[in-house]
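Text of target-v6.txt (compact mmCIF, N, CA and C atoms) as supplied:
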```txt
# COMPACT_ATOMS: atom_id res chain seq x y z
N MET A 505 0.83 -1.15 0.00
CA MET A 505 0.00 0.00 0.00
C MET A 505 0.90 1.24 0.00
N PRO A 506 0.70 2.17 -0.95
CA PRO A 506 1.56 3.36 -0.99
C PRO A 506 1.30 4.27 0.20
N LEU A 507 2.33 5.01 0.55
CA LEU A 507 2.21 5.96 1.65
C LEU A 507 1.33 7.12 1.25
N LYS A 508 0.57 7.61 2.20
CA LYS A 508 -0.28 8.76 1.97
C LYS A 508 0.60 10.00 1.82
N PRO A 509 0.39 10.82 0.78
CA PRO A 509 1.22 12.02 0.63
C PRO A 509 1.04 12.96 1.82
N GLN A 510 2.14 13.53 2.26
CA GLN A 510 2.11 14.47 3.37
C GLN A 510 1.87 15.88 2.84
N PRO A 511 1.15 16.71 3.61
CA PRO A 511 0.93 18.08 3.15
C PRO A 511 2.26 18.82 3.07
N ALA A 512 2.35 19.72 2.11
CA ALA A 512 3.56 20.52 1.97
C ALA A 512 3.47 21.71 2.92
N TYR A 513 4.50 21.88 3.72
CA TYR A 513 4.57 23.02 4.64
C TYR A 513 5.63 23.97 4.13
N PRO A 514 5.38 25.28 4.24
CA PRO A 514 6.46 26.20 3.93
C PRO A 514 7.60 25.94 4.91
N THR A 515 8.82 26.01 4.46
CA THR A 515 9.95 25.69 5.32
C THR A 515 11.00 26.79 5.26
N VAL A 516 11.85 26.80 6.24
CA VAL A 516 13.02 27.67 6.25
C VAL A 516 14.24 26.79 6.47
N PRO A 517 15.36 27.10 5.81
CA PRO A 517 16.55 26.24 5.98
C PRO A 517 17.15 26.42 7.36
N ILE A 518 17.72 25.37 7.87
CA ILE A 518 18.41 25.40 9.15
C ILE A 518 19.87 25.71 8.89
N PRO A 519 20.50 26.58 9.70
CA PRO A 519 21.90 26.94 9.46
C PRO A 519 22.79 25.71 9.41
N GLY A 520 23.71 25.72 8.48
CA GLY A 520 24.64 24.62 8.33
C GLY A 520 24.15 23.53 7.40
N ALA A 521 22.87 23.57 7.00
CA ALA A 521 22.35 22.58 6.07
C ALA A 521 22.86 22.90 4.67
N LEU A 522 23.23 21.88 3.96
CA LEU A 522 23.70 22.06 2.59
C LEU A 522 22.52 22.09 1.64
N PRO A 523 22.67 22.76 0.48
CA PRO A 523 21.56 22.77 -0.48
C PRO A 523 21.13 21.33 -0.81
N GLY A 524 19.83 21.11 -0.77
CA GLY A 524 19.31 19.77 -1.05
C GLY A 524 19.16 18.89 0.18
N ASP A 525 19.77 19.29 1.31
CA ASP A 525 19.61 18.53 2.54
C ASP A 525 18.17 18.63 3.02
N PRO A 526 17.66 17.59 3.67
CA PRO A 526 16.28 17.64 4.15
C PRO A 526 16.13 18.38 5.47
N PHE A 527 17.14 19.13 5.88
CA PHE A 527 17.09 19.81 7.16
C PHE A 527 16.43 21.18 7.03
N THR A 528 15.14 21.19 7.13
CA THR A 528 14.39 22.43 7.11
C THR A 528 13.41 22.43 8.26
N LEU A 529 12.88 23.57 8.57
CA LEU A 529 11.99 23.73 9.71
C LEU A 529 10.64 24.20 9.20
N PRO A 530 9.58 23.46 9.42
CA PRO A 530 8.26 23.95 9.00
C PRO A 530 7.94 25.27 9.69
N GLN A 531 7.31 26.17 8.98
CA GLN A 531 6.89 27.42 9.58
C GLN A 531 5.60 27.19 10.33
N GLY A 532 5.42 27.88 11.41
CA GLY A 532 4.21 27.73 12.22
C GLY A 532 4.56 27.81 13.68
N ALA A 533 3.54 27.76 14.50
CA ALA A 533 3.75 27.84 15.95
C ALA A 533 4.42 26.54 16.42
N PHE A 534 5.57 26.69 17.04
CA PHE A 534 6.21 25.48 17.57
C PHE A 534 6.88 25.80 18.89
N ARG A 535 7.06 24.75 19.65
CA ARG A 535 7.80 24.84 20.89
C ARG A 535 9.10 24.06 20.70
N LEU A 536 10.09 24.47 21.43
CA LEU A 536 11.40 23.85 21.34
C LEU A 536 11.72 23.18 22.67
N LEU A 537 11.99 21.90 22.63
CA LEU A 537 12.46 21.16 23.80
C LEU A 537 13.96 21.00 23.65
N VAL A 538 14.70 21.56 24.57
CA VAL A 538 16.16 21.47 24.53
C VAL A 538 16.57 20.39 25.51
N SER A 539 17.13 19.33 24.95
CA SER A 539 17.58 18.20 25.75
C SER A 539 19.10 18.15 25.67
N GLY A 540 19.74 17.73 26.69
CA GLY A 540 21.19 17.64 26.67
C GLY A 540 21.68 16.23 26.46
N SER A 541 20.79 15.33 26.16
CA SER A 541 21.14 13.91 26.15
C SER A 541 20.81 13.30 24.80
N PRO A 542 21.61 12.45 24.23
CA PRO A 542 22.91 12.02 24.75
C PRO A 542 24.00 13.05 24.50
N GLU A 543 23.87 13.89 23.50
CA GLU A 543 24.83 14.96 23.22
C GLU A 543 24.06 16.25 23.06
N PRO A 544 24.49 17.32 23.69
CA PRO A 544 23.78 18.59 23.50
C PRO A 544 24.00 19.13 22.10
N SER A 545 23.01 19.83 21.59
CA SER A 545 23.14 20.47 20.28
C SER A 545 24.07 21.67 20.41
N SER A 546 24.54 22.14 19.27
CA SER A 546 25.44 23.28 19.29
C SER A 546 24.72 24.53 19.80
N PRO A 547 25.43 25.41 20.48
CA PRO A 547 24.81 26.66 20.93
C PRO A 547 24.20 27.45 19.77
N ALA A 548 24.84 27.43 18.60
CA ALA A 548 24.31 28.17 17.44
C ALA A 548 22.95 27.63 17.03
N LEU A 549 22.79 26.31 16.99
CA LEU A 549 21.51 25.72 16.59
C LEU A 549 20.44 25.99 17.65
N VAL A 550 20.78 25.83 18.92
CA VAL A 550 19.81 26.09 19.99
C VAL A 550 19.34 27.54 19.93
N SER A 551 20.27 28.45 19.76
CA SER A 551 19.94 29.87 19.69
C SER A 551 19.06 30.18 18.48
N TRP A 552 19.40 29.62 17.34
CA TRP A 552 18.64 29.86 16.10
C TRP A 552 17.21 29.34 16.23
N LEU A 553 17.06 28.13 16.74
CA LEU A 553 15.72 27.57 16.92
C LEU A 553 14.93 28.32 17.98
N ALA A 554 15.58 28.68 19.08
CA ALA A 554 14.89 29.38 20.17
C ALA A 554 14.36 30.73 19.71
N ALA A 555 15.09 31.40 18.83
CA ALA A 555 14.66 32.71 18.34
C ALA A 555 13.38 32.61 17.51
N ARG A 556 13.04 31.42 17.02
CA ARG A 556 11.87 31.22 16.19
C ARG A 556 10.73 30.50 16.92
N ALA A 557 11.02 30.00 18.11
CA ALA A 557 10.04 29.21 18.86
C ALA A 557 9.13 30.11 19.68
N GLU A 558 7.90 29.64 19.86
CA GLU A 558 6.97 30.35 20.73
C GLU A 558 7.22 30.02 22.19
N GLN A 559 7.80 28.86 22.44
CA GLN A 559 8.08 28.43 23.81
C GLN A 559 9.35 27.60 23.79
N VAL A 560 10.22 27.83 24.76
CA VAL A 560 11.45 27.05 24.91
C VAL A 560 11.40 26.34 26.25
N VAL A 561 11.54 25.02 26.21
CA VAL A 561 11.52 24.20 27.43
C VAL A 561 12.86 23.49 27.54
N ALA A 562 13.56 23.72 28.64
CA ALA A 562 14.79 23.00 28.91
C ALA A 562 14.42 21.73 29.65
N VAL A 563 14.80 20.60 29.10
CA VAL A 563 14.50 19.31 29.72
C VAL A 563 15.77 18.83 30.43
N ASP A 564 15.74 18.91 31.74
CA ASP A 564 16.83 18.48 32.60
C ASP A 564 18.15 19.09 32.15
N SER A 565 19.11 18.29 31.68
CA SER A 565 20.42 18.84 31.31
C SER A 565 20.36 19.76 30.10
N GLY A 566 19.21 19.86 29.46
CA GLY A 566 19.04 20.85 28.39
C GLY A 566 19.19 22.26 28.91
N ALA A 567 19.04 22.45 30.22
CA ALA A 567 19.27 23.77 30.82
C ALA A 567 20.71 24.22 30.60
N THR A 568 21.64 23.29 30.65
CA THR A 568 23.04 23.63 30.40
C THR A 568 23.23 24.03 28.95
N ALA A 569 22.59 23.32 28.03
CA ALA A 569 22.68 23.69 26.60
C ALA A 569 22.08 25.08 26.38
N CYS A 570 20.99 25.40 27.07
CA CYS A 570 20.39 26.73 26.96
C CYS A 570 21.36 27.78 27.50
N ARG A 571 21.96 27.51 28.64
CA ARG A 571 22.90 28.46 29.25
C ARG A 571 24.05 28.73 28.30
N ARG A 572 24.61 27.69 27.70
CA ARG A 572 25.74 27.84 26.77
C ARG A 572 25.34 28.65 25.53
N ALA A 573 24.07 28.55 25.15
CA ALA A 573 23.58 29.28 23.97
C ALA A 573 23.04 30.66 24.35
N ASP A 574 23.10 31.00 25.62
CA ASP A 574 22.55 32.25 26.14
C ASP A 574 21.07 32.39 25.80
N VAL A 575 20.35 31.27 25.94
CA VAL A 575 18.90 31.22 25.71
C VAL A 575 18.22 31.01 27.04
N VAL A 576 17.32 31.91 27.39
CA VAL A 576 16.57 31.77 28.64
C VAL A 576 15.31 30.97 28.33
N PRO A 577 15.20 29.75 28.86
CA PRO A 577 14.00 28.95 28.59
C PRO A 577 12.79 29.50 29.35
N ASP A 578 11.62 29.15 28.87
CA ASP A 578 10.38 29.52 29.56
C ASP A 578 10.11 28.59 30.73
N LEU A 579 10.59 27.35 30.61
CA LEU A 579 10.30 26.32 31.60
C LEU A 579 11.48 25.37 31.71
N LEU A 580 11.80 24.98 32.93
CA LEU A 580 12.79 23.94 33.21
C LEU A 580 12.00 22.75 33.74
N LEU A 581 12.11 21.62 33.06
CA LEU A 581 11.26 20.47 33.37
C LEU A 581 12.11 19.21 33.50
N GLY A 582 11.82 18.39 34.50
CA GLY A 582 12.51 17.11 34.66
C GLY A 582 12.79 16.86 36.13
N ASP A 583 13.55 15.79 36.39
CA ASP A 583 13.90 15.50 37.78
C ASP A 583 15.10 16.35 38.22
N LEU A 584 15.72 17.02 37.28
CA LEU A 584 16.80 17.98 37.51
C LEU A 584 18.04 17.38 38.14
N ASP A 585 18.20 16.06 38.00
CA ASP A 585 19.38 15.41 38.56
C ASP A 585 20.64 15.68 37.75
N SER A 586 20.48 16.18 36.52
CA SER A 586 21.63 16.45 35.66
C SER A 586 21.87 17.94 35.45
N VAL A 587 21.24 18.76 36.26
CA VAL A 587 21.39 20.22 36.14
C VAL A 587 22.36 20.69 37.22
N PRO A 588 23.51 21.24 36.81
CA PRO A 588 24.45 21.75 37.81
C PRO A 588 23.82 22.89 38.62
N ASP A 589 24.24 23.02 39.88
CA ASP A 589 23.69 24.06 40.75
C ASP A 589 23.82 25.45 40.13
N GLU A 590 24.95 25.73 39.48
CA GLU A 590 25.18 27.04 38.86
C GLU A 590 24.15 27.32 37.78
N VAL A 591 23.83 26.31 36.99
CA VAL A 591 22.86 26.48 35.91
C VAL A 591 21.45 26.63 36.48
N ARG A 592 21.15 25.86 37.49
CA ARG A 592 19.83 25.98 38.12
C ARG A 592 19.67 27.37 38.77
N SER A 593 20.71 27.87 39.39
CA SER A 593 20.67 29.22 39.96
C SER A 593 20.50 30.27 38.87
N TRP A 594 21.19 30.08 37.74
CA TRP A 594 21.04 31.01 36.61
C TRP A 594 19.60 31.02 36.13
N CYS A 595 19.00 29.84 35.98
CA CYS A 595 17.59 29.75 35.54
C CYS A 595 16.69 30.50 36.53
N ALA A 596 16.91 30.28 37.81
CA ALA A 596 16.09 30.95 38.83
C ALA A 596 16.26 32.46 38.75
N SER A 597 17.49 32.92 38.54
CA SER A 597 17.73 34.37 38.47
C SER A 597 17.10 34.99 37.23
N GLN A 598 16.84 34.17 36.22
CA GLN A 598 16.22 34.65 34.99
C GLN A 598 14.69 34.53 35.04
N GLY A 599 14.17 34.01 36.15
CA GLY A 599 12.72 33.87 36.30
C GLY A 599 12.13 32.69 35.56
N VAL A 600 12.94 31.67 35.28
CA VAL A 600 12.47 30.49 34.57
C VAL A 600 11.55 29.67 35.48
N ALA A 601 10.36 29.35 34.99
CA ALA A 601 9.45 28.48 35.74
C ALA A 601 10.06 27.08 35.82
N GLU A 602 9.74 26.37 36.90
CA GLU A 602 10.32 25.05 37.12
C GLU A 602 9.22 24.04 37.43
N LYS A 603 9.26 22.91 36.75
CA LYS A 603 8.34 21.80 37.05
C LYS A 603 9.20 20.57 37.25
N THR A 604 9.28 20.12 38.48
CA THR A 604 10.12 18.96 38.78
C THR A 604 9.30 17.68 38.81
N THR A 605 9.95 16.62 38.40
CA THR A 605 9.33 15.30 38.40
C THR A 605 10.09 14.42 39.39
N ASN A 606 9.47 13.34 39.77
CA ASN A 606 10.09 12.38 40.67
C ASN A 606 11.23 11.67 39.94
N TRP A 607 12.37 11.51 40.57
CA TRP A 607 13.49 10.83 39.94
C TRP A 607 13.26 9.32 39.84
N ASP A 608 12.37 8.77 40.65
CA ASP A 608 12.09 7.33 40.66
C ASP A 608 10.95 7.06 39.68
N LYS A 609 11.31 6.87 38.40
CA LYS A 609 10.31 6.75 37.34
C LYS A 609 10.82 5.81 36.26
N ASP A 610 9.91 5.35 35.42
CA ASP A 610 10.28 4.48 34.31
C ASP A 610 10.53 5.27 33.03
N GLU A 611 9.92 6.45 32.90
CA GLU A 611 10.05 7.25 31.70
C GLU A 611 11.28 8.15 31.79
N THR A 612 11.78 8.55 30.63
CA THR A 612 12.86 9.53 30.61
C THR A 612 12.27 10.92 30.83
N ASP A 613 13.11 11.87 31.16
CA ASP A 613 12.64 13.25 31.32
C ASP A 613 12.04 13.76 30.02
N LEU A 614 12.62 13.38 28.89
CA LEU A 614 12.09 13.83 27.60
C LEU A 614 10.70 13.26 27.36
N GLU A 615 10.49 11.99 27.67
CA GLU A 615 9.15 11.40 27.52
C GLU A 615 8.13 12.14 28.39
N LEU A 616 8.50 12.42 29.62
CA LEU A 616 7.60 13.13 30.52
C LEU A 616 7.33 14.55 30.02
N ALA A 617 8.35 15.20 29.48
CA ALA A 617 8.17 16.56 28.95
C ALA A 617 7.21 16.55 27.76
N LEU A 618 7.37 15.60 26.87
CA LEU A 618 6.46 15.52 25.71
C LEU A 618 5.03 15.27 26.16
N ASP A 619 4.85 14.37 27.12
CA ASP A 619 3.49 14.10 27.63
C ASP A 619 2.90 15.34 28.30
N PHE A 620 3.68 16.00 29.14
CA PHE A 620 3.21 17.17 29.86
C PHE A 620 2.81 18.28 28.88
N LEU A 621 3.67 18.54 27.91
CA LEU A 621 3.40 19.63 26.98
C LEU A 621 2.24 19.33 26.05
N GLU A 622 2.05 18.08 25.72
CA GLU A 622 0.92 17.70 24.87
C GLU A 622 -0.39 18.05 25.57
N GLU A 623 -0.42 17.86 26.87
CA GLU A 623 -1.62 18.16 27.64
C GLU A 623 -1.77 19.65 27.94
N GLU A 624 -0.67 20.33 28.19
CA GLU A 624 -0.71 21.70 28.70
C GLU A 624 -0.63 22.79 27.64
N THR A 625 0.15 22.58 26.59
CA THR A 625 0.46 23.66 25.68
C THR A 625 0.34 23.21 24.23
N PRO A 626 -0.77 23.49 23.58
CA PRO A 626 -0.90 23.07 22.19
C PRO A 626 0.05 23.87 21.29
N ALA A 627 0.57 23.23 20.28
CA ALA A 627 1.44 23.88 19.28
C ALA A 627 1.29 23.10 17.99
N ASP A 628 1.65 23.73 16.89
CA ASP A 628 1.59 23.02 15.61
C ASP A 628 2.52 21.82 15.61
N PHE A 629 3.71 22.00 16.18
CA PHE A 629 4.65 20.89 16.29
C PHE A 629 5.68 21.20 17.35
N THR A 630 6.45 20.18 17.71
CA THR A 630 7.50 20.31 18.71
C THR A 630 8.83 19.95 18.07
N ALA A 631 9.82 20.82 18.25
CA ALA A 631 11.17 20.53 17.79
C ALA A 631 11.99 20.12 19.01
N VAL A 632 12.79 19.09 18.86
CA VAL A 632 13.59 18.59 19.97
C VAL A 632 15.05 18.59 19.55
N THR A 633 15.92 19.17 20.40
CA THR A 633 17.35 19.12 20.12
C THR A 633 18.00 18.12 21.04
```
In structure tokens, write the structure found in this file.
Amino acid sequence: MPLKPQPAYPTVPIPGALPGDPFTLPQGAFRLLVSGSPEPSSPALVSWLAARAEQVVAVDSGATACRRADVVPDLLLGDLDSVPDEVRSWCASQGVAEKTTNWDKDETDLELALDFLEEETPADFTAVT
């Protein structure tokens, strides 16, 4: 059975993508989840995406990636076991809202963040770094 054609979305190229690469970002309301695991994204990419996002959520160690990119997230979410004290203090000084989860869980912080945001904050799509 052939795949159903997907609707065409207007896109913008992502920095560093070569011509013809499939790395584009659909235009529309989106939220950005910044995760630091397993490898944090480059500060340039986090900054570029955050400048276009309606909401930026740092997921646990993603707070460090935000700090390195000089991006103040709207929300810090997770069990926060991988957030250094200095970064957590920086988030607090910037007025970042915090939602902590229990560290004794079966889901990853990213899974919990996706579930939480699906219920709380509608968006056209979610970008995850």
Distance of CA of Val600 in chain A from CA of Val560 in chain A, expressed in Å to one decimal place: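 That distance, rounded to one decimal, is 10.3 Å.
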Between atom N of Ser546 in chain A and CA of Gly582 in chain A - distance in Å to one decimal: 20.2 Å
Of the listed residues A:Glu624, A:Ser593, A:Glu602, A:Leu549, that which approaches Asp578 in chain A most closely, counting only N, CA and C atoms: A:Glu602
Strand (DSSP E or B) per DSSP on the backbone: members of range 533-581 of chain A, as JSON, numbers by chain: {"A": [534, 535, 536, 537, 538, 539, 559, 560, 561, 562, 563, 579, 580, 581]}
Residues just named, written with N, CA and C atoms as a short mmCIF file (atom, residue, chain, number, x, y, z; two decimals), in the frame of the given file:
```cif
data_model
loop_
_atom_site.label_atom_id
_atom_site.label_comp_id
_atom_site.auth_asym_id
_atom_site.auth_seq_id
_atom_site.Cartn_x
_atom_site.Cartn_y
_atom_site.Cartn_z
N PHE A 534 5.57 26.69 17.04
CA PHE A 534 6.21 25.48 17.57
C PHE A 534 6.88 25.80 18.89
N ARG A 535 7.06 24.75 19.65
CA ARG A 535 7.80 24.84 20.89
C ARG A 535 9.10 24.06 20.70
N LEU A 536 10.09 24.47 21.43
CA LEU A 536 11.40 23.85 21.34
C LEU A 536 11.72 23.18 22.67
N LEU A 537 11.99 21.90 22.63
CA LEU A 537 12.46 21.16 23.80
C LEU A 537 13.96 21.00 23.65
N VAL A 538 14.70 21.56 24.57
CA VAL A 538 16.16 21.47 24.53
C VAL A 538 16.57 20.39 25.51
N SER A 539 17.13 19.33 24.95
CA SER A 539 17.58 18.20 25.75
C SER A 539 19.10 18.15 25.67
N GLN A 559 7.80 28.86 22.44
CA GLN A 559 8.08 28.43 23.81
C GLN A 559 9.35 27.60 23.79
N VAL A 560 10.22 27.83 24.76
CA VAL A 560 11.45 27.05 24.91
C VAL A 560 11.40 26.34 26.25
N VAL A 561 11.54 25.02 26.21
CA VAL A 561 11.52 24.20 27.43
C VAL A 561 12.86 23.49 27.54
N ALA A 562 13.56 23.72 28.64
CA ALA A 562 14.79 23.00 28.91
C ALA A 562 14.42 21.73 29.65
N VAL A 563 14.80 20.60 29.10
CA VAL A 563 14.50 19.31 29.72
C VAL A 563 15.77 18.83 30.43
N LEU A 579 10.59 27.35 30.61
CA LEU A 579 10.30 26.32 31.60
C LEU A 579 11.48 25.37 31.71
N LEU A 580 11.80 24.98 32.93
CA LEU A 580 12.79 23.94 33.21
C LEU A 580 12.00 22.75 33.74
N LEU A 581 12.11 21.62 33.06
CA LEU A 581 11.26 20.47 33.37
C LEU A 581 12.11 19.21 33.50
#
```
Minimum-distance residue to Ala567 in chain A, chosen among A:Pro547, A:Asp583, A:Val538, A:Trp552 (using only N, CA and C atoms): A:Val538
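Nearest residue to Leu536 in chain A among A:Ala631, A:Leu621, A:Val575, A:Val563 is A:Ala631, counting only N, CA and C atoms.
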Protein and nucleic acid residues near (21.2, 16.4, 27.5) (cut-off 5 Å, all atoms listed in the file) as a PyMOL selection string: chain A and resi 539-541+565-566
Selection near Asp564 in chain A, 12 Å with only C-alpha atoms, sequence-local residues under 6 positions removed, as a ChimeraX atom specification: /A:537-542,544,570,577,579-588,591-592,595,602-605,607,612-617
Separation of atom N of Ser551 in chain A from atom C of Lys609 in chain A, in Å and rounded to one decimal: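 Straight-line distance from atom N of Ser551 in chain A to atom C of Lys609 in chain A works out to 29.6 Å.
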Test item: residues at most 7 Å from Val550 in chain A, only N, CA and C atoms, excluding those fewer than 4 positions along its chain, as an mmCIF file with N, CA and C atoms, in the frame of the given file:
```
data_model
loop_
_atom_site.group_PDB
_atom_site.id
_atom_site.type_symbol
_atom_site.label_atom_id
_atom_site.label_comp_id
_atom_site.auth_asym_id
_atom_site.auth_seq_id
_atom_site.Cartn_x
_atom_site.Cartn_y
_atom_site.Cartn_z
ATOM 1 N N SER A 545 23.010 19.830 21.590
ATOM 2 C CA SER A 545 23.140 20.470 20.280
ATOM 3 C C SER A 545 24.070 21.670 20.410
ATOM 4 N N SER A 546 24.540 22.140 19.270
ATOM 5 C CA SER A 546 25.440 23.280 19.290
ATOM 6 C C SER A 546 24.720 24.530 19.800
ATOM 7 N N ALA A 554 15.580 28.680 19.080
ATOM 8 C CA ALA A 554 14.890 29.380 20.170
ATOM 9 C C ALA A 554 14.360 30.730 19.710
ATOM 10 N N ALA A 555 15.090 31.400 18.830
ATOM 11 C CA ALA A 555 14.660 32.710 18.340
ATOM 12 C C ALA A 555 13.380 32.610 17.510
ATOM 13 N N ALA A 569 22.590 23.320 28.030
ATOM 14 C CA ALA A 569 22.680 23.690 26.600
ATOM 15 C C ALA A 569 22.080 25.080 26.380
ATOM 16 N N ALA A 573 24.070 28.550 25.150
ATOM 17 C CA ALA A 573 23.580 29.280 23.970
ATOM 18 C C ALA A 573 23.040 30.660 24.350
ATOM 19 N N VAL A 575 20.350 31.270 25.940
ATOM 20 C CA VAL A 575 18.900 31.220 25.710
ATOM 21 C C VAL A 575 18.220 31.010 27.040
#
```
